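Single-structure report; data block below.
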Amino acid sequence: MAVRLFETKHHASAYLKYRVAPVELVNRIVSFMEKKTPNRFDLAVDVGCGSGQGTIPLAPHFTKVVGIDVSPAQLEMALANGSPPNVSYRECPAEDLPFASGEVDLVTAMTAAHWFDRERFLLEADRVLRPGGCLALLSYTLDMELEYAGVSNNTLNDICKEFYAALLPFRDPYIGTSSLKIYSDMFDSCSYPDKEWNDCLRVKWILPLSGYLGMVETFSTFQNLVKKDPAEAERLSNDIMNKLMAAMKVSSPDAEVTVVVKYFYWLARKL
């Protein structure tokens, strides 16, 4: 792994609590695969699986699913969360997968590939994929939006933008200013002719307001702020929460809000 993050037990616990399973994206991956190979698939590998939010939704579609991560704390959370019997986890780097050449039907990385040694990972994914196998990489932009009945979306999202702007200086230099460009460059470097790029899939979740704040707090930018100035991180989080609650005219952070996440992803089939 080029960069190792999200490895403390506290952060792994928050990751499990606040990150949301990308079921819609898993369905799109499987639909892409079924266009050319409509039978049940044998082995899926979820690289950088974290606490397993994206790993478990793969289980109904594959005989066996293996989540891969370098963090023992994340894998401990994944195991504690419970999994279907065909899901297991392995500790290893993304660039050295413990599978034979041509053994894997799907290699996917969900909101993780930007942290890998990208060139080595793509070579390793190509090695383990069978002919006809799929490589699927996805992530989302930080500019999540909020919707709440009776309140202008602009009002809420101006507060969200204030939050994101405060975190921008703490973005890890390895991913630069745009993770979308990282994935676009990886897509361009993939030699498989049967591939597709998708700029934006808007996915909506109903979450408590505290769940939205908790999700943002799991991001590397917020965690970098915590490391530098924990008091400022707490002040910023409380300030944003108070502003959102005031705009929504609610008295509890448990009030439910619609969170709009903008995913981008690409899919490619090995010939």
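In the structure tokens, the first chain shown is A, the next is B, and so on; residue numbers restart at 1 for each chain, and ligands run from 1 in the order shown.
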Stretch 33-95 of chain A near stretch 103-119 of chain A within 9 Å: what's each residue's closest atom pair and its distance in Å to one decimal, counting only C-alpha atoms, ordered by chain then ascending residue number, as a Markdown table?
```
| residue | atom | partner | partner_atom | distance |
| --- | --- | --- | --- | --- |
| A:Met33 | CA | A:Leu106 | CA | 8.7 |
| A:Phe41 | CA | A:Asp105 | CA | 6.5 |
| A:Asp42 | CA | A:Asp105 | CA | 6.5 |
| A:Leu43 | CA | A:Val104 | CA | 5.3 |
| A:Ala44 | CA | A:Leu106 | CA | 4.6 |
| A:Val45 | CA | A:Val107 | CA | 5.0 |
| A:Asp46 | CA | A:Thr108 | CA | 5.0 |
| A:Val47 | CA | A:Ala109 | CA | 4.9 |
| A:Gly48 | CA | A:Ala112 | CA | 5.5 |
| A:Cys49 | CA | A:Ala109 | CA | 7.2 |
| A:Gly50 | CA | A:Ala112 | CA | 8.7 |
| A:Gly54 | CA | A:Met110 | CA | 6.8 |
| A:Phe62 | CA | A:Asp105 | CA | 8.9 |
| A:Pro93 | CA | A:Phe116 | CA | 8.6 |
| A:Ala94 | CA | A:Phe116 | CA | 6.7 |
| A:Glu95 | CA | A:Asp117 | CA | 7.0 |
```
What's the 12 Å shell around A:Ala165, counting only C-alpha atoms, without same-chain residues fewer than 5 positions away, as number ranges by chain? A: 142-143, 157-160, 170-171, 221-222, 236, 240
Would you save the residues of that selection, restricted to N, CA, C and O atoms, as an mmCIF file, in the first residue's frame?
```cif
data_model
loop_
_atom_site.group_PDB
_atom_site.id
_atom_site.type_symbol
_atom_site.label_atom_id
_atom_site.label_comp_id
_atom_site.auth_asym_id
_atom_site.auth_seq_id
_atom_site.Cartn_x
_atom_site.Cartn_y
_atom_site.Cartn_z
ATOM 1 N N LEU A 142 -16.223 14.543 -2.267
ATOM 2 C CA LEU A 142 -16.482 14.982 -0.899
ATOM 3 C C LEU A 142 -17.725 15.853 -0.794
ATOM 4 O O LEU A 142 -18.320 15.969 0.275
ATOM 5 N N ASP A 143 -18.166 16.450 -1.898
ATOM 6 C CA ASP A 143 -19.248 17.427 -1.831
ATOM 7 C C ASP A 143 -20.625 16.766 -1.702
ATOM 8 O O ASP A 143 -21.525 16.971 -2.522
ATOM 9 N N ASN A 157 -26.668 23.268 2.084
ATOM 10 C CA ASN A 157 -25.431 22.924 1.392
ATOM 11 C C ASN A 157 -24.386 24.027 1.486
ATOM 12 O O ASN A 157 -23.187 23.748 1.371
ATOM 13 N N ASP A 158 -24.802 25.257 1.735
ATOM 14 C CA ASP A 158 -23.814 26.301 2.024
ATOM 15 C C ASP A 158 -23.083 25.992 3.336
ATOM 16 O O ASP A 158 -21.878 26.245 3.458
ATOM 17 N N ILE A 159 -23.825 25.449 4.309
ATOM 18 C CA ILE A 159 -23.193 25.052 5.572
ATOM 19 C C ILE A 159 -22.243 23.871 5.335
ATOM 20 O O ILE A 159 -21.123 23.838 5.856
ATOM 21 N N CYS A 160 -22.691 22.902 4.518
ATOM 22 C CA CYS A 160 -21.830 21.763 4.186
ATOM 23 C C CYS A 160 -20.558 22.229 3.482
ATOM 24 O O CYS A 160 -19.453 21.742 3.781
ATOM 25 N N PHE A 170 -6.338 20.054 4.790
ATOM 26 C CA PHE A 170 -5.830 18.847 5.439
ATOM 27 C C PHE A 170 -5.921 17.623 4.526
ATOM 28 O O PHE A 170 -5.749 16.496 4.969
ATOM 29 N N ARG A 171 -6.162 17.875 3.260
ATOM 30 C CA ARG A 171 -6.209 16.791 2.284
ATOM 31 C C ARG A 171 -4.816 16.187 2.119
ATOM 32 O O ARG A 171 -3.812 16.904 2.057
ATOM 33 N N THR A 221 -9.309 13.789 5.664
ATOM 34 C CA THR A 221 -9.101 15.215 5.903
ATOM 35 C C THR A 221 -9.439 15.583 7.343
ATOM 36 O O THR A 221 -8.678 16.294 8.007
ATOM 37 N N PHE A 222 -10.586 15.101 7.827
ATOM 38 C CA PHE A 222 -10.970 15.416 9.206
ATOM 39 C C PHE A 222 -10.012 14.749 10.189
ATOM 40 O O PHE A 222 -9.617 15.349 11.201
ATOM 41 N N LEU A 236 -15.011 22.713 15.193
ATOM 42 C CA LEU A 236 -15.562 22.768 13.843
ATOM 43 C C LEU A 236 -16.772 21.856 13.710
ATOM 44 O O LEU A 236 -17.820 22.249 13.180
ATOM 45 N N ILE A 240 -20.623 23.153 12.933
ATOM 46 C CA ILE A 240 -21.397 22.728 11.764
ATOM 47 C C ILE A 240 -22.695 22.054 12.206
ATOM 48 O O ILE A 240 -23.775 22.306 11.638
#
```
Residue among A:Ala268, A:Leu209, A:Leu123, A:Leu156 lying closest to A:Ala255, counting only C-alpha atoms: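 Selected residue with least distance to A:Ala255: A:Leu209.
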Between A:Arg90, A:His61, A:Arg269, A:Lys204, which is the closest to A:Glu147 once you count only C-alpha atoms?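 Counting only C-alpha atoms, the residue closest to A:Glu147 is A:Lys204.
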Backbone DSSP call of alpha helix (DSSP H) for stretch 209-258 of chain A, listed as a ChimeraX atom specification: /A:209-217,220-228,230-248
Could you pull out the strand (DSSP E) residues of stretch 185-246 of chain A, going by DSSP on the backbone, and write them as a list of chain:residue names?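 Restricting stretch 185-246 of chain A to strand (DSSP E) produces A:Asp194, A:Lys195, A:Glu196, A:Trp197, A:Asn198, A:Asp199, A:Cys200, A:Leu201, A:Arg202, A:Val203, A:Lys204, A:Trp205, A:Ile206, A:Leu207, A:Pro208.
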Store the residues of this selection in a file with all heavy atoms, as a CSV table (one decimal), in the first residue's frame.
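Full text of selection27.csv as output:
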```
chain,number,residue,atom,x,y,z
A,194,ASP,N,-13.0,-3.4,-23.4
A,194,ASP,CA,-14.4,-3.4,-23.0
A,194,ASP,C,-14.5,-2.8,-21.6
A,194,ASP,O,-14.3,-3.4,-20.5
A,194,ASP,CB,-14.9,-4.9,-22.9
A,194,ASP,CG,-16.4,-4.9,-22.6
A,194,ASP,OD1,-17.0,-3.9,-22.5
A,194,ASP,OD2,-16.9,-6.1,-22.4
A,195,LYS,N,-14.7,-1.4,-21.6
A,195,LYS,CA,-14.7,-0.7,-20.3
A,195,LYS,C,-15.6,0.5,-20.4
A,195,LYS,O,-15.9,1.0,-21.5
A,195,LYS,CB,-13.3,-0.3,-19.9
A,195,LYS,CG,-12.6,0.7,-20.9
A,195,LYS,CD,-11.2,1.0,-20.4
A,195,LYS,CE,-10.5,2.0,-21.4
A,195,LYS,NZ,-9.1,2.4,-20.9
A,196,GLU,N,-16.1,0.9,-19.2
A,196,GLU,CA,-17.0,2.1,-19.2
A,196,GLU,C,-16.7,3.0,-18.0
A,196,GLU,O,-16.4,2.5,-16.9
A,196,GLU,CB,-18.5,1.7,-19.2
A,196,GLU,CG,-18.9,0.9,-18.0
A,196,GLU,CD,-20.4,0.5,-18.1
A,196,GLU,OE1,-20.8,-0.1,-19.1
A,196,GLU,OE2,-21.1,0.9,-17.1
A,197,TRP,N,-16.8,4.3,-18.2
A,197,TRP,CA,-16.6,5.3,-17.2
A,197,TRP,C,-17.9,6.0,-16.9
A,197,TRP,O,-18.6,6.3,-17.8
A,197,TRP,CB,-15.5,6.3,-17.7
A,197,TRP,CG,-15.4,7.5,-16.8
A,197,TRP,CD1,-16.0,8.7,-17.1
A,197,TRP,CD2,-14.7,7.7,-15.6
A,197,TRP,NE1,-15.7,9.6,-16.1
A,197,TRP,CE2,-14.9,9.0,-15.2
A,197,TRP,CE3,-13.9,6.8,-14.9
A,197,TRP,CZ2,-14.3,9.5,-14.0
A,197,TRP,CZ3,-13.3,7.3,-13.7
A,197,TRP,CH2,-13.5,8.7,-13.3
A,198,ASN,N,-18.1,6.2,-15.6
A,198,ASN,CA,-19.4,6.9,-15.2
A,198,ASN,C,-19.0,8.0,-14.2
A,198,ASN,O,-18.5,7.8,-13.1
A,198,ASN,CB,-20.3,5.9,-14.4
A,198,ASN,CG,-20.7,4.7,-15.3
A,198,ASN,OD1,-21.8,4.8,-16.0
A,198,ASN,ND2,-19.9,3.7,-15.4
A,199,ASP,N,-19.3,9.2,-14.7
A,199,ASP,CA,-18.9,10.4,-13.9
A,199,ASP,C,-19.7,10.6,-12.6
A,199,ASP,O,-19.1,11.0,-11.6
A,199,ASP,CB,-19.2,11.7,-14.8
A,199,ASP,CG,-18.1,12.0,-15.7
A,199,ASP,OD1,-16.9,11.9,-15.3
A,199,ASP,OD2,-18.4,12.4,-16.9
A,200,CYS,N,-21.0,10.3,-12.6
A,200,CYS,CA,-21.7,10.7,-11.4
A,200,CYS,C,-23.0,9.8,-11.3
A,200,CYS,O,-23.8,9.8,-12.2
A,200,CYS,CB,-22.1,12.1,-11.4
A,200,CYS,SG,-22.9,12.7,-9.9
A,201,LEU,N,-23.1,9.1,-10.2
A,201,LEU,CA,-24.3,8.4,-9.8
A,201,LEU,C,-24.7,8.9,-8.5
A,201,LEU,O,-24.0,8.8,-7.5
A,201,LEU,CB,-24.1,6.9,-9.7
A,201,LEU,CG,-25.2,6.1,-9.2
A,201,LEU,CD1,-26.4,6.1,-10.1
A,201,LEU,CD2,-24.8,4.6,-8.9
A,202,ARG,N,-25.8,9.6,-8.4
A,202,ARG,CA,-26.3,10.2,-7.2
A,202,ARG,C,-27.1,9.2,-6.4
A,202,ARG,O,-28.1,8.6,-6.8
A,202,ARG,CB,-27.2,11.4,-7.4
A,202,ARG,CG,-26.4,12.6,-8.1
A,202,ARG,CD,-27.4,13.6,-8.6
A,202,ARG,NE,-28.1,14.3,-7.6
A,202,ARG,CZ,-27.6,15.4,-7.0
A,202,ARG,NH1,-26.5,16.0,-7.4
A,202,ARG,NH2,-28.3,16.0,-6.0
A,203,VAL,N,-26.6,8.9,-5.2
A,203,VAL,CA,-27.2,7.9,-4.3
A,203,VAL,C,-27.7,8.6,-3.0
A,203,VAL,O,-26.9,9.4,-2.4
A,203,VAL,CB,-26.2,6.8,-3.9
A,203,VAL,CG1,-26.9,5.8,-3.0
A,203,VAL,CG2,-25.8,6.0,-5.2
A,204,LYS,N,-29.0,8.4,-2.7
A,204,LYS,CA,-29.5,9.0,-1.5
A,204,LYS,C,-29.7,8.0,-0.4
A,204,LYS,O,-30.2,6.9,-0.6
A,204,LYS,CB,-30.9,9.7,-1.9
A,204,LYS,CG,-30.8,10.8,-2.9
A,204,LYS,CD,-32.2,11.4,-3.1
A,204,LYS,CE,-32.0,12.6,-4.1
A,204,LYS,NZ,-33.3,13.3,-4.3
A,205,TRP,N,-29.3,8.5,0.8
A,205,TRP,CA,-29.5,7.7,2.1
A,205,TRP,C,-30.3,8.6,3.1
A,205,TRP,O,-30.0,9.8,3.2
A,205,TRP,CB,-28.2,7.3,2.7
A,205,TRP,CG,-27.5,6.2,1.9
A,205,TRP,CD1,-28.0,5.0,1.5
A,205,TRP,CD2,-26.2,6.2,1.5
A,205,TRP,NE1,-27.0,4.3,0.9
A,205,TRP,CE2,-25.9,5.0,0.8
A,205,TRP,CE3,-25.1,7.2,1.6
A,205,TRP,CZ2,-24.7,4.7,0.2
A,205,TRP,CZ3,-23.9,6.9,1.0
A,205,TRP,CH2,-23.7,5.7,0.3
A,206,ILE,N,-31.1,8.0,3.8
A,206,ILE,CA,-31.8,8.7,5.0
A,206,ILE,C,-30.9,8.3,6.2
A,206,ILE,O,-30.9,7.2,6.6
A,206,ILE,CB,-33.2,8.2,5.2
A,206,ILE,CG1,-34.0,8.4,3.9
A,206,ILE,CG2,-33.9,9.0,6.3
A,206,ILE,CD1,-34.1,9.8,3.4
A,207,LEU,N,-30.3,9.4,6.8
A,207,LEU,CA,-29.5,9.2,8.0
A,207,LEU,C,-29.8,10.2,9.0
A,207,LEU,O,-30.3,11.3,8.7
A,207,LEU,CB,-28.0,9.4,7.6
A,207,LEU,CG,-27.4,8.4,6.6
A,207,LEU,CD1,-26.0,8.9,6.2
A,207,LEU,CD2,-27.4,7.0,7.1
A,208,PRO,N,-29.6,9.9,10.3
A,208,PRO,CA,-29.6,10.9,11.3
A,208,PRO,C,-28.6,12.0,11.0
A,208,PRO,O,-27.5,11.7,10.4
A,208,PRO,CB,-29.4,10.2,12.6
A,208,PRO,CG,-28.6,9.0,12.2
A,208,PRO,CD,-29.1,8.6,10.9
```
Quick one: distance from atom CA of A:Gly102 to atom CA of A:Ser139 in Å, one decimal? 25.5 Å
From the options A:Val70, A:Gly82, A:Ala166, A:Asn224, which residue's atoms come nearest to A:Asp239, counting only C-alpha atoms?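 Closest to A:Asp239, using only C-alpha atoms: A:Ala166.
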